[in-house]
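coords-v2.txt (compact mmCIF, C-alpha atoms and all ligand atoms) appears below.
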```txt
# COMPACT_ATOMS: atom_id res chain seq x y z
CA MET A 101 -78.31 -96.83 110.10
CA ASN A 102 -74.62 -97.65 109.83
CA GLN A 103 -74.21 -98.15 113.51
CA ILE A 104 -72.82 -101.53 114.51
CA HIS A 105 -74.85 -103.56 116.93
CA PRO A 106 -73.24 -105.35 119.86
CA SER A 107 -73.16 -109.14 119.86
CA ARG A 108 -75.06 -109.92 123.03
CA GLY A 109 -76.17 -113.31 121.87
CA ALA A 110 -73.15 -115.65 121.69
CA THR A 111 -73.11 -117.96 124.73
CA HIS A 112 -70.94 -121.02 124.07
CA LEU A 113 -69.72 -123.60 121.56
CA GLU A 114 -71.13 -127.07 121.12
CA CYS A 115 -69.56 -130.23 119.65
CA SER A 116 -71.52 -131.11 116.51
CA LEU A 117 -71.20 -134.83 117.29
CA THR A 118 -71.48 -135.19 121.06
CA GLY A 119 -73.22 -131.96 122.07
CA GLU A 120 -70.47 -131.25 124.62
CA ARG A 121 -70.42 -127.58 125.73
CA ILE A 122 -67.17 -125.68 125.22
CA GLU A 123 -66.28 -122.21 126.44
CA SER A 124 -66.19 -119.72 123.54
CA GLU A 125 -63.98 -116.85 124.76
CA ARG A 126 -60.60 -118.28 123.72
CA LEU A 127 -59.12 -119.52 120.42
CA VAL A 128 -60.23 -123.08 119.71
CA GLY A 129 -60.20 -125.51 116.80
CA LEU A 130 -62.04 -128.83 116.78
CA SER A 131 -63.95 -130.29 119.74
CA PRO A 132 -62.30 -132.83 122.08
CA ALA A 133 -64.01 -135.50 119.91
CA GLY A 134 -62.19 -134.10 116.85
CA LYS A 135 -65.38 -132.76 115.28
CA PRO A 136 -66.56 -129.25 114.25
CA LEU A 137 -67.69 -126.87 116.98
CA LEU A 138 -70.88 -124.88 116.43
CA ALA A 139 -71.55 -121.44 117.97
CA ARG A 140 -74.69 -121.13 120.10
CA TYR A 141 -76.62 -117.95 120.95
CA ASP A 142 -79.24 -116.96 123.45
CA LEU A 143 -81.90 -116.70 120.75
CA ALA A 144 -84.84 -116.51 123.15
CA SER A 145 -83.56 -113.25 124.61
CA LEU A 146 -82.81 -111.81 121.14
CA ARG A 147 -86.30 -112.50 119.87
CA ALA A 148 -87.91 -109.24 120.91
CA THR A 149 -85.24 -106.91 119.53
CA PHE A 150 -83.51 -108.82 116.69
CA THR A 151 -86.45 -108.84 114.29
CA ARG A 152 -86.64 -108.83 110.51
CA GLU A 153 -88.12 -105.34 110.63
CA VAL A 154 -85.20 -103.97 112.67
CA VAL A 155 -82.59 -105.63 110.48
CA ALA A 156 -84.23 -104.35 107.27
CA ASN A 157 -82.83 -100.85 107.85
CA ARG A 158 -79.28 -101.83 108.62
CA ARG A 159 -75.97 -101.66 106.76
CA ALA A 160 -75.76 -103.67 103.53
CA ASP A 161 -73.20 -106.27 104.57
CA LEU A 162 -73.19 -109.37 106.73
CA TRP A 163 -72.59 -107.39 109.91
CA ARG A 164 -76.29 -106.50 109.78
CA TYR A 165 -76.68 -109.84 111.59
CA SER A 166 -74.19 -109.02 114.36
CA GLU A 167 -76.41 -110.37 117.18
CA VAL A 168 -76.04 -113.85 115.70
CA LEU A 169 -72.34 -113.49 114.89
CA PRO A 170 -69.58 -114.21 117.42
CA VAL A 171 -67.52 -110.99 117.30
CA ARG A 172 -68.21 -108.88 120.39
CA ASP A 173 -65.91 -105.90 119.92
CA PRO A 174 -67.14 -103.65 117.08
CA ALA A 175 -63.51 -102.59 116.52
CA ALA A 176 -62.62 -106.19 115.61
CA ARG A 177 -65.27 -106.40 112.87
CA ILE A 178 -63.37 -106.28 109.59
CA ALA A 179 -65.45 -105.10 106.65
CA LEU A 180 -64.54 -105.13 102.97
CA GLY A 181 -68.10 -105.16 101.65
CA GLU A 182 -68.92 -108.86 102.19
CA GLY A 183 -72.41 -110.30 101.96
CA TRP A 184 -75.81 -108.82 101.12
CA THR A 185 -75.29 -110.00 97.54
CA PRO A 186 -78.06 -109.79 94.93
CA LEU A 187 -80.72 -112.48 94.60
CA LEU A 188 -81.47 -112.29 90.89
CA ASP A 189 -84.75 -113.44 89.40
CA ALA A 190 -83.76 -115.46 86.30
CA PRO A 191 -86.88 -116.24 84.23
CA ARG A 192 -84.96 -117.30 81.13
CA VAL A 193 -82.90 -119.75 83.14
CA ALA A 194 -86.15 -121.07 84.65
CA THR A 195 -87.59 -121.60 81.16
CA ARG A 196 -84.43 -123.26 79.92
CA LEU A 197 -84.36 -125.58 82.94
CA GLY A 198 -88.11 -126.25 82.92
CA VAL A 199 -88.91 -125.15 86.48
CA ARG A 200 -91.38 -122.54 87.69
CA ARG A 201 -88.91 -120.02 89.02
CA VAL A 202 -85.16 -119.64 89.41
CA TRP A 203 -83.21 -117.16 91.47
CA ILE A 204 -79.47 -116.85 91.37
CA LYS A 205 -77.73 -115.87 94.56
CA GLU A 206 -74.83 -113.94 93.04
CA GLU A 207 -71.92 -114.55 95.37
CA GLY A 208 -69.35 -113.57 92.74
CA GLN A 209 -69.83 -109.96 93.91
CA ASN A 210 -68.20 -110.59 97.27
CA PRO A 211 -64.70 -109.21 98.05
CA THR A 212 -62.09 -111.49 96.42
CA GLY A 213 -64.75 -112.70 93.99
CA SER A 214 -66.21 -115.62 95.94
CA PHE A 215 -68.40 -116.40 98.93
CA LYS A 216 -65.32 -117.52 100.84
CA ALA A 217 -65.17 -113.86 101.86
CA ARG A 218 -68.12 -114.37 104.20
CA GLY A 219 -66.55 -117.17 106.21
CA LEU A 220 -63.11 -115.66 106.40
CA CYS A 221 -64.43 -112.22 107.27
CA VAL A 222 -66.01 -113.58 110.43
CA ALA A 223 -63.29 -116.14 111.25
CA VAL A 224 -60.45 -113.60 110.89
CA SER A 225 -62.38 -110.95 112.85
CA ARG A 226 -63.00 -113.37 115.70
CA ALA A 227 -59.40 -114.67 115.63
CA LEU A 228 -58.20 -111.05 115.83
CA GLU A 229 -60.53 -110.39 118.75
CA LEU A 230 -59.29 -113.49 120.60
CA GLY A 231 -55.63 -112.60 120.12
CA ALA A 232 -54.40 -114.79 117.21
CA ARG A 233 -50.99 -113.58 115.96
CA GLU A 234 -50.50 -115.54 112.72
CA LEU A 235 -53.07 -117.25 110.51
CA ALA A 236 -52.75 -120.20 108.14
CA LEU A 237 -54.87 -122.41 105.94
CA PRO A 238 -54.76 -124.97 103.16
CA SER A 239 -56.98 -123.96 100.29
CA ALA A 240 -58.19 -125.00 96.86
CA GLY A 241 -57.72 -121.31 95.99
CA ASN A 242 -60.59 -119.00 96.91
CA ALA A 243 -60.37 -119.48 100.67
CA GLY A 244 -56.70 -118.57 100.39
CA SER A 245 -57.34 -115.24 98.71
CA ALA A 246 -60.18 -114.42 101.10
CA ALA A 247 -57.98 -115.21 104.12
CA ALA A 248 -55.21 -113.11 102.60
CA ALA A 249 -57.57 -110.16 102.16
CA TYR A 250 -59.01 -110.23 105.67
CA GLY A 251 -55.60 -110.91 107.19
CA ALA A 252 -54.23 -107.89 105.33
CA SER A 253 -57.08 -105.73 106.56
CA ALA A 254 -56.59 -106.96 110.13
CA GLY A 255 -52.80 -106.52 109.93
CA LEU A 256 -52.18 -110.21 110.67
CA PRO A 257 -49.73 -112.38 108.66
CA VAL A 258 -51.38 -115.19 106.67
CA HIS A 259 -49.76 -118.41 105.40
CA VAL A 260 -51.60 -120.04 102.49
CA VAL A 261 -50.80 -123.48 101.07
CA VAL A 262 -52.46 -124.39 97.77
CA PRO A 263 -52.10 -127.04 95.03
CA SER A 264 -49.69 -125.84 92.30
CA ASP A 265 -52.40 -126.14 89.62
CA THR A 266 -54.69 -123.62 91.37
CA PRO A 267 -56.00 -121.08 88.79
CA ALA A 268 -53.32 -118.47 88.03
CA PRO A 269 -55.55 -115.43 88.73
CA ILE A 270 -56.12 -116.71 92.27
CA LEU A 271 -52.37 -117.22 92.85
CA GLU A 272 -51.65 -113.67 91.69
CA GLU A 273 -54.42 -112.39 93.92
CA ILE A 274 -53.05 -114.16 97.02
CA ARG A 275 -49.56 -112.77 96.35
CA ALA A 276 -50.87 -109.26 95.74
CA LEU A 277 -52.72 -109.39 99.05
CA GLY A 278 -49.43 -109.91 100.84
CA ALA A 279 -49.83 -113.47 102.10
CA ASP A 280 -47.02 -116.00 102.36
CA LEU A 281 -47.98 -118.41 99.53
CA GLN A 282 -46.69 -121.98 99.28
CA LEU A 283 -47.46 -124.17 96.25
CA LEU A 284 -47.57 -127.93 96.58
CA ASP A 285 -47.84 -130.74 94.04
CA GLY A 286 -50.91 -132.39 95.50
CA LEU A 287 -54.44 -131.79 96.72
CA ILE A 288 -55.88 -129.62 99.48
CA THR A 289 -55.58 -132.60 101.85
CA ASP A 290 -51.78 -132.62 101.27
CA CYS A 291 -51.67 -128.85 101.83
CA ALA A 292 -53.42 -129.41 105.16
CA ARG A 293 -50.46 -131.46 106.36
CA VAL A 294 -48.09 -128.54 105.75
CA VAL A 295 -50.38 -126.22 107.69
CA ARG A 296 -50.59 -128.70 110.56
CA ARG A 297 -46.80 -128.63 110.81
CA GLY A 298 -46.82 -124.81 110.93
CA VAL A 299 -49.44 -124.92 113.67
CA GLU A 300 -47.27 -127.26 115.76
CA GLU A 301 -43.95 -125.53 115.09
CA HIS A 302 -44.89 -121.86 114.92
CA GLY A 303 -48.24 -121.57 116.68
CA TRP A 304 -50.16 -120.49 113.57
CA PHE A 305 -53.94 -120.37 114.01
CA ASP A 306 -55.55 -122.85 111.60
CA LEU A 307 -58.45 -121.41 109.59
CA SER A 308 -59.26 -124.67 107.73
CA THR A 309 -62.91 -125.26 106.83
CA LEU A 310 -64.86 -126.33 109.93
CA LYS A 311 -61.65 -126.80 111.95
CA GLU A 312 -62.42 -123.54 113.74
CA PRO A 313 -66.00 -122.56 114.67
CA TYR A 314 -66.55 -119.27 112.84
CA ARG A 315 -66.18 -119.61 109.07
CA ILE A 316 -69.52 -121.38 109.16
CA GLU A 317 -70.99 -118.43 111.09
CA GLY A 318 -70.02 -116.13 108.24
CA LYS A 319 -71.41 -118.50 105.64
CA LYS A 320 -74.71 -118.98 107.44
CA THR A 321 -75.58 -115.35 106.70
CA MET A 322 -76.54 -116.55 103.19
CA GLY A 323 -79.54 -118.24 104.82
CA TYR A 324 -80.56 -115.05 106.63
CA GLU A 325 -80.23 -113.06 103.41
CA LEU A 326 -82.42 -115.49 101.46
CA VAL A 327 -85.23 -115.09 103.98
CA GLU A 328 -84.93 -111.32 103.96
CA GLN A 329 -84.70 -111.10 100.17
CA LEU A 330 -87.71 -113.42 99.68
CA ASN A 331 -89.74 -111.44 102.22
CA GLY A 332 -89.85 -114.08 104.88
CA ARG A 333 -90.34 -117.13 102.69
CA LEU A 334 -87.97 -119.85 101.63
CA PRO A 335 -87.63 -121.43 98.17
CA ASP A 336 -88.69 -125.04 97.53
CA ALA A 337 -85.14 -126.06 96.73
CA ILE A 338 -81.58 -124.78 97.15
CA VAL A 339 -78.87 -126.13 94.85
CA TYR A 340 -75.42 -125.68 96.35
CA PRO A 341 -72.05 -126.55 94.80
CA THR A 342 -70.38 -128.34 97.67
CA GLY A 343 -66.76 -128.78 98.70
CA GLY A 344 -66.15 -128.57 102.46
CA GLY A 345 -69.85 -127.88 102.99
CA THR A 346 -69.73 -124.81 105.26
CA GLY A 347 -72.43 -123.00 103.31
CA LEU A 348 -74.80 -125.94 103.25
CA ILE A 349 -74.40 -126.70 106.94
CA GLY A 350 -74.36 -122.99 107.77
CA MET A 351 -77.62 -122.18 105.99
CA TRP A 352 -79.35 -125.10 107.68
CA LYS A 353 -78.12 -123.77 111.04
CA ALA A 354 -79.41 -120.31 110.08
CA PHE A 355 -82.87 -121.72 109.34
CA ASP A 356 -83.03 -123.30 112.81
CA GLU A 357 -81.88 -120.04 114.40
CA MET A 358 -84.45 -118.05 112.43
CA GLU A 359 -87.21 -120.41 113.53
CA ALA A 360 -86.16 -119.86 117.15
CA LEU A 361 -86.14 -116.10 116.46
CA ASP A 362 -89.64 -116.31 114.95
CA TRP A 363 -88.46 -115.11 111.53
CA ILE A 364 -89.76 -118.28 109.83
CA GLY A 365 -91.87 -121.32 110.71
CA PRO A 366 -90.88 -125.00 110.57
CA GLU A 367 -90.83 -125.12 106.74
CA ARG A 368 -87.48 -125.85 105.10
CA PRO A 369 -86.22 -126.01 101.51
CA LYS A 370 -84.93 -129.24 100.01
CA MET A 371 -81.13 -128.92 100.10
CA PHE A 372 -79.11 -130.32 97.20
CA THR A 373 -75.38 -130.85 97.01
CA VAL A 374 -73.72 -130.68 93.60
CA GLN A 375 -70.23 -132.03 93.11
CA ALA A 376 -67.96 -132.68 90.13
CA SER A 377 -68.04 -136.20 88.69
CA GLY A 378 -64.24 -136.23 89.14
CA CYS A 379 -64.54 -135.52 92.89
CA ALA A 380 -67.86 -136.55 94.42
CA PRO A 381 -67.37 -138.04 97.90
CA ILE A 382 -70.63 -136.67 99.29
CA VAL A 383 -72.63 -137.87 96.27
CA ARG A 384 -71.13 -141.36 96.61
CA ALA A 385 -71.94 -141.44 100.34
CA TRP A 386 -75.46 -140.18 99.68
CA GLU A 387 -76.12 -142.78 96.99
CA THR A 388 -74.84 -145.62 99.15
CA GLY A 389 -76.77 -144.47 102.23
CA ARG A 390 -73.71 -143.82 104.37
CA THR A 391 -73.49 -141.36 107.25
CA ASP A 392 -69.92 -140.26 106.45
CA ALA A 393 -68.03 -139.96 103.20
CA GLY A 394 -64.38 -140.96 103.55
CA MET A 395 -61.73 -140.06 100.99
CA TRP A 396 -62.16 -139.68 97.18
CA GLU A 397 -59.01 -140.89 95.41
CA GLY A 398 -57.61 -139.08 92.36
CA ALA A 399 -59.81 -135.98 92.69
CA GLN A 400 -59.99 -134.04 89.43
CA THR A 401 -62.09 -131.07 88.25
CA TYR A 402 -61.43 -127.56 86.98
CA ALA A 403 -63.95 -126.26 89.51
CA SER A 404 -61.23 -125.85 92.13
CA GLY A 405 -63.74 -125.08 94.89
CA LEU A 406 -65.19 -128.56 94.43
CA ARG A 407 -61.84 -130.34 94.46
CA VAL A 408 -62.16 -131.36 98.09
CA PRO A 409 -61.57 -135.12 98.39
CA SER A 410 -62.50 -135.41 102.07
CA ALA A 411 -64.32 -133.12 104.50
CA VAL A 412 -64.39 -133.03 108.29
CA GLY A 413 -68.06 -131.94 108.08
CA ASP A 414 -69.15 -134.85 105.85
CA PHE A 415 -71.56 -136.30 108.43
CA LEU A 416 -73.15 -132.87 108.96
CA MET A 417 -73.73 -132.38 105.21
CA LEU A 418 -75.29 -135.83 104.89
CA ARG A 419 -77.53 -135.07 107.87
CA VAL A 420 -78.76 -131.87 106.20
CA LEU A 421 -79.44 -133.61 102.89
CA ARG A 422 -81.47 -136.29 104.67
CA ALA A 423 -83.35 -133.98 107.03
CA SER A 424 -84.36 -131.67 104.17
CA ARG A 425 -85.45 -134.50 101.84
CA GLY A 426 -82.89 -133.23 99.37
CA GLY A 427 -80.00 -135.14 97.88
CA ALA A 428 -76.75 -135.05 95.95
CA VAL A 429 -75.76 -135.28 92.29
CA ALA A 430 -72.52 -135.06 90.31
CA VAL A 431 -72.01 -133.22 87.01
CA SER A 432 -69.15 -133.30 84.50
CA ASP A 433 -66.72 -130.42 83.91
CA GLY A 434 -68.09 -130.17 80.36
CA ALA A 435 -71.64 -129.68 81.68
CA MET A 436 -70.44 -126.99 84.12
CA ALA A 437 -68.72 -125.08 81.32
CA GLU A 438 -71.80 -125.37 79.10
CA TRP A 439 -74.04 -123.96 81.84
CA VAL A 440 -71.61 -121.13 82.60
CA GLY A 441 -72.37 -120.10 79.01
CA HIS A 442 -76.15 -120.44 79.41
CA LEU A 443 -76.15 -118.51 82.71
CA GLY A 444 -74.06 -115.76 81.16
CA ALA A 445 -76.24 -115.37 78.09
CA ASP A 446 -79.52 -115.64 80.05
CA THR A 447 -78.68 -113.38 83.00
CA GLY A 448 -75.56 -111.27 82.49
CA VAL A 449 -73.73 -113.09 85.29
CA PHE A 450 -70.30 -114.52 84.45
CA ALA A 451 -70.46 -117.53 86.76
CA ALA A 452 -67.68 -119.64 88.22
CA PRO A 453 -67.71 -123.29 87.09
CA GLU A 454 -69.19 -124.10 90.51
CA GLY A 455 -72.17 -121.87 89.63
CA GLY A 456 -72.42 -123.63 86.29
CA ALA A 457 -72.50 -126.90 88.22
CA ALA A 458 -75.52 -125.76 90.24
CA ALA A 459 -77.49 -125.07 87.06
CA ALA A 460 -76.27 -128.26 85.36
CA ALA A 461 -77.60 -130.28 88.29
CA VAL A 462 -81.21 -129.20 87.80
CA PRO A 463 -81.99 -131.38 84.73
CA LEU A 464 -80.60 -134.38 86.64
CA LEU A 465 -82.67 -133.56 89.72
CA LEU A 466 -85.80 -133.16 87.59
CA GLY A 467 -85.08 -136.43 85.76
CA ARG A 468 -84.79 -138.27 89.08
CA GLY A 469 -87.93 -136.69 90.50
CA MET A 470 -85.95 -134.99 93.28
CA ILE A 471 -87.34 -131.59 92.29
CA SER A 472 -90.51 -130.89 90.32
CA ALA A 473 -91.31 -128.50 87.46
CA ASP A 474 -93.50 -126.59 89.92
CA ASP A 475 -90.61 -125.83 92.27
CA GLU A 476 -89.03 -122.45 92.96
CA VAL A 477 -85.29 -122.98 93.02
CA VAL A 478 -82.34 -120.94 94.28
CA LEU A 479 -79.05 -121.66 92.49
CA PHE A 480 -75.86 -120.50 94.16
CA ASN A 481 -73.26 -118.91 91.94
CA THR A 482 -70.49 -119.10 94.48
CA GLY A 483 -67.83 -117.14 92.62
CA SER A 484 -66.85 -115.02 89.65
CA GLY A 485 -65.91 -116.64 86.35
CA LEU A 486 -63.02 -114.17 86.14
CA LYS A 487 -61.07 -116.26 88.65
CA TYR A 488 -60.97 -119.26 86.29
CA VAL A 489 -59.91 -117.59 83.07
CA GLY A 490 -57.65 -119.96 81.13
CA MET A 491 -58.88 -123.06 83.01
CA VAL A 492 -62.00 -123.92 80.98
CA PRO A 493 -61.86 -127.47 79.57
CA LEU A 494 -61.78 -127.41 75.78
CA ASP A 495 -63.51 -130.75 75.12
C1 LIG A 501 -65.10 -123.24 98.26
C2 LIG A 501 -65.98 -123.09 97.11
C3 LIG A 501 -67.14 -123.89 96.98
C4 LIG A 501 -67.51 -124.93 98.01
O1 LIG A 501 -67.97 -124.31 99.18
P1 LIG A 501 -68.14 -125.06 100.57
O2 LIG A 501 -69.01 -124.21 101.39
O3 LIG A 501 -66.77 -125.24 101.13
O4 LIG A 501 -68.76 -126.39 100.28
C5 LIG A 501 -67.95 -123.64 95.89
N1 LIG A 501 -67.66 -122.69 94.97
C6 LIG A 501 -66.57 -121.91 95.06
C7 LIG A 501 -66.32 -120.87 94.01
C8 LIG A 501 -65.69 -122.07 96.14
O5 LIG A 501 -64.61 -121.29 96.24
```
Would you write out, as structure tokens, the structure that this file holds?
Amino acid sequence: MNQIHPSRGATHLECSLTGERIESERLVGLSPAGKPLLARYDLASLRATFTREVVANRRADLWRYSEVLPVRDPAARIALGEGWTPLLDAPRVATRLGVRRVWIKEEGQNPTGSFKARGLCVAVSRALELGARELALPSAGNAGSAAAAYGASAGLPVHVVVPSDTPAPILEEIRALGADLQLLDGLITDCARVVRRGVEEHGWFDLSTLKEPYRIEGKKTMGYELVEQLNGRLPDAIVYPTGGGTGLIGMWKAFDEMEALDWIGPERPKMFTVQASGCAPIVRAWETGRTDAGMWEGAQTYASGLRVPSAVGDFLMLRVLRASRGGAVAVSDGAMAEWVGHLGADTGVFAAPEGGAAAAAVPLLLGRGMISADDEVVLFNTGSGLKYVGMVPLD
């Protein structure tokens, strides 16, 4: 039952813009076109053996999906207990929101208190397997602590660059996990410049969102878990607090893979992006019908995971929103904080502001007719409220 299954499936990487095929057995970043690379698997040959029934009896972490993960050597698979988080039925939240059914995917239970653990677990494991010596990333906070944790477990040094106003608990966490932490007066996009210099000067391997191919592979496991936890069905709608978009793009990729594996049919949920009104590049692009988002100036929100003013995967997110007949809405920091309180009192989950944002979006989506009162909705609580103590806006 706890045996680890070999990854037979990974075949190559593919440019998400041009479709160009890239060899997958060495360390790579973006495609030659400067766009995210996506991992491809021989799903047809996995179909007979990688079934929902087989997976049902496996270990309770994301490595249960090892056939559709890139890490080949079981010894390189780092495990701190990531994934297989609860999907909580939340009838009082459903009543309060006025929809038929609500589930909360409780990602605050991951190692380091956020779903960033999933992506960095797989990315660090694969980087270790392919011979990376030193890791680095810019972060709004949670990716930094997750990278620090998996780097520590792998025995690889990690350099993290974050904005100086990142929540204090996250800074302490990154330091305690032994990473080299640099604070910068600026946003994650400014931190990225520092990392780029380290990559050029010291050969660090850059773990930035979607700038290497495997964080998204870790995040996609949320899609597999939803299907398993809902016994082979999908909800009508998924509401996802969106920064760099790995989870949104990753789950959509997982649905396509699961269709090819015969786990589900062609049905798909409506996918909704929620952002903060102080940093909403994807919402703005969605509302103006654009296919990419550009830069949001003066980004501001206490939901640090949503303070991402520009994203290399913008066009992929917008594609998912369109293809799923979903959409994008922005909510205020005050509304997030209010819904953190409602979620806590109605469910016993102390949500991150990003989780509050997912709930706060539902009345807006209902008001605009983008979801209906008859819908079954999954809200992602992407992190623990404990990481934001002292940051809550008072007005
Ligand atoms: C990073 C982060 C997000 C945004 O996730 P993406 O997949 O990058 O869009 C949401 N919530 C929290 C708590 C985060 O740390």
(request) Do a neighbour search on A:Asp356 at 10 Å with only C-alpha atoms, toss out local chain neighbours closer than 5 positions, and write the hits as an MDAnalysis selection string. (result) chainID A and resid 351 361:366 368
(request) Counting only C-alpha atoms and all ligand atoms, figure out which residue out of A:Val492, A:Leu334, A:Ala246, A:Leu421 gets nearest to ligand LIG 501 (chain A). (result)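 Among the listed residues, A:Ala246 lies closest to ligand LIG 501 (chain A).
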(message) Considering only C-alpha atoms, can you say which of A:Glu300, A:Asp290, A:Asp189, A:Glu167 comes closest to A:Arg147?
(response)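 Looking at the shortest contact to A:Arg147, the residue is A:Glu167.
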(request) Kindly give the distance, in Å, that separates atom CA of A:Phe480 and atom CA of A:Arg275, rounded to a single decimal. (result)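 Calculated distance between atom CA of A:Phe480 and atom CA of A:Arg275 is 27.5 Å.
In terms of minimum interatomic distance to A:Ala160, A:Leu180 ranks closest within A:Leu180, A:Val440, A:Met470, A:Ala268, counting only C-alpha atoms.
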(request) Please indicate the distance in Å from atom CA of A:His442 to atom CA of A:Val408, rounded to one decimal place. (result)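 Going from atom CA of A:His442 over to atom CA of A:Val408 covers 25.8 Å.
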(message) Env of A:Val299: 12 Å cut, atoms = all atoms listed in the file, seq-sep filter 4 positions within chain, self excluded. Answer as a list in words.
(response) Gly129, Ala232, Arg233, Glu234, Leu235, Ala236, Leu237, Pro238, His259, Ala292, Arg293, Val294, Val295, Gly303, Trp304, Phe305, Asp306, Leu307 and Ser308 of chain A
Residues from last step as file, C-alpha atoms, as a JSON list (two decimals), in the coordinates of the input:
```json
[["chain", "number", "residue", "atom", "x", "y", "z"],
["A", 129, "GLY", "CA", -60.20, -125.51, 116.80],
["A", 232, "ALA", "CA", -54.40, -114.79, 117.21],
["A", 233, "ARG", "CA", -50.99, -113.58, 115.96],
["A", 234, "GLU", "CA", -50.50, -115.54, 112.72],
["A", 235, "LEU", "CA", -53.07, -117.25, 110.51],
["A", 236, "ALA", "CA", -52.75, -120.20, 108.14],
["A", 237, "LEU", "CA", -54.87, -122.41, 105.94],
["A", 238, "PRO", "CA", -54.76, -124.97, 103.16],
["A", 259, "HIS", "CA", -49.76, -118.41, 105.40],
["A", 292, "ALA", "CA", -53.42, -129.41, 105.16],
["A", 293, "ARG", "CA", -50.46, -131.46, 106.36],
["A", 294, "VAL", "CA", -48.09, -128.54, 105.75],
["A", 295, "VAL", "CA", -50.38, -126.22, 107.69],
["A", 303, "GLY", "CA", -48.24, -121.57, 116.68],
["A", 304, "TRP", "CA", -50.16, -120.49, 113.57],
["A", 305, "PHE", "CA", -53.94, -120.37, 114.01],
["A", 306, "ASP", "CA", -55.55, -122.85, 111.60],
["A", 307, "LEU", "CA", -58.45, -121.41, 109.59],
["A", 308, "SER", "CA", -59.26, -124.67, 107.73]]
```
Close residues, A:Met322 itself excluded, 9 Å, all atoms listed in the file, min 2 positions apart in chain, as a short mmCIF file (atom, residue, chain, number, x, y, z; two decimals) with C-alpha atoms, keeping the file's coordinate frame:
```cif
data_model
loop_
_atom_site.label_atom_id
_atom_site.label_comp_id
_atom_site.auth_asym_id
_atom_site.auth_seq_id
_atom_site.Cartn_x
_atom_site.Cartn_y
_atom_site.Cartn_z
CA LEU A 162 -73.19 -109.37 106.73
CA GLY A 183 -72.41 -110.30 101.96
CA TRP A 184 -75.81 -108.82 101.12
CA THR A 185 -75.29 -110.00 97.54
CA LYS A 205 -77.73 -115.87 94.56
CA ARG A 218 -68.12 -114.37 104.20
CA GLY A 318 -70.02 -116.13 108.24
CA LYS A 319 -71.41 -118.50 105.64
CA LYS A 320 -74.71 -118.98 107.44
CA TYR A 324 -80.56 -115.05 106.63
CA GLU A 325 -80.23 -113.06 103.41
CA LEU A 326 -82.42 -115.49 101.46
CA VAL A 327 -85.23 -115.09 103.98
CA GLY A 347 -72.43 -123.00 103.31
CA GLY A 350 -74.36 -122.99 107.77
CA MET A 351 -77.62 -122.18 105.99
CA ALA A 354 -79.41 -120.31 110.08
#
```
Draw an axis-aligned box tight on the listed atoms of ligand LIG 501 (chain A), then pad every side by 6 Å and write out centre and edge lengths in Å to one decimal as JSON.
```
{"center_x": -66.8, "center_y": -123.6, "center_z": 97.7, "size_x": 16.4, "size_y": 17.5, "size_z": 19.4}
```
(message) Env of stretch 193-199 of chain A: 9 Å cut, atoms = all atoms listed in the file, seq-sep filter 6 positions within chain, self excluded. Answer as a VMD selection string.
(response) chain A and resid 442 to 443 446 to 447 459 to 460 462 to 463 466 471 to 477
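Here the question is which of A:Val171, A:Leu416, A:Ala243, A:Leu486 gets nearest to ligand LIG 501 (chain A) using all atoms listed in the file, and that residue is A:Ala243.
Here the question is which of A:Gly109, A:Arg192, A:Leu138, A:Ala217 gets nearest to A:Arg172 using only C-alpha atoms, and that residue is A:Gly109.
The closest residue to ligand LIG 501 (chain A), picked from A:Pro267, A:Gly413, A:Pro341, A:Gly219 and counting all atoms listed in the file, is A:Pro341.
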(request) Excluding A:Lys487 and residues on its chain fewer than 2 positions from it, collect all residues at most 9 Å away from it, counting only C-alpha atoms, and give them as JSON, numbers by chain. (result) {"A": [213, 214, 242, 267, 268, 269, 270, 452, 483, 484, 485, 489]}
(request) Would you mind reading off the distance between atom CA of A:Met436 and atom C8 of ligand LIG 501 (chain A), one decimal, in Å? (result)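 Spanning atom CA of A:Met436 to atom C8 of ligand LIG 501 (chain A) is a straight-line distance of 13.8 Å.
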Could you build a table of the residues in stretch 385-419 of chain A lying no more than 12 Å from stretch 112-127 of chain A, giving for each the nearest pair of atoms and their separation in Å rounded to one decimal place, using all atoms listed in the file, ordered by chain and ascending residue number, as a tab-separated table?
```
residue	atom	partner	partner_atom	distance
A:Val412	CA	A:Ser116	CA	11.0
A:Gly413	CA	A:Ser116	CA	9.2
A:Asp414	CA	A:Ser116	CA	11.5
A:Phe415	CA	A:Leu117	CA	9.0
A:Leu416	CA	A:Ser116	CA	7.9
A:Met417	CA	A:Ser116	CA	11.6
A:Arg419	CA	A:Ser116	CA	11.2
```
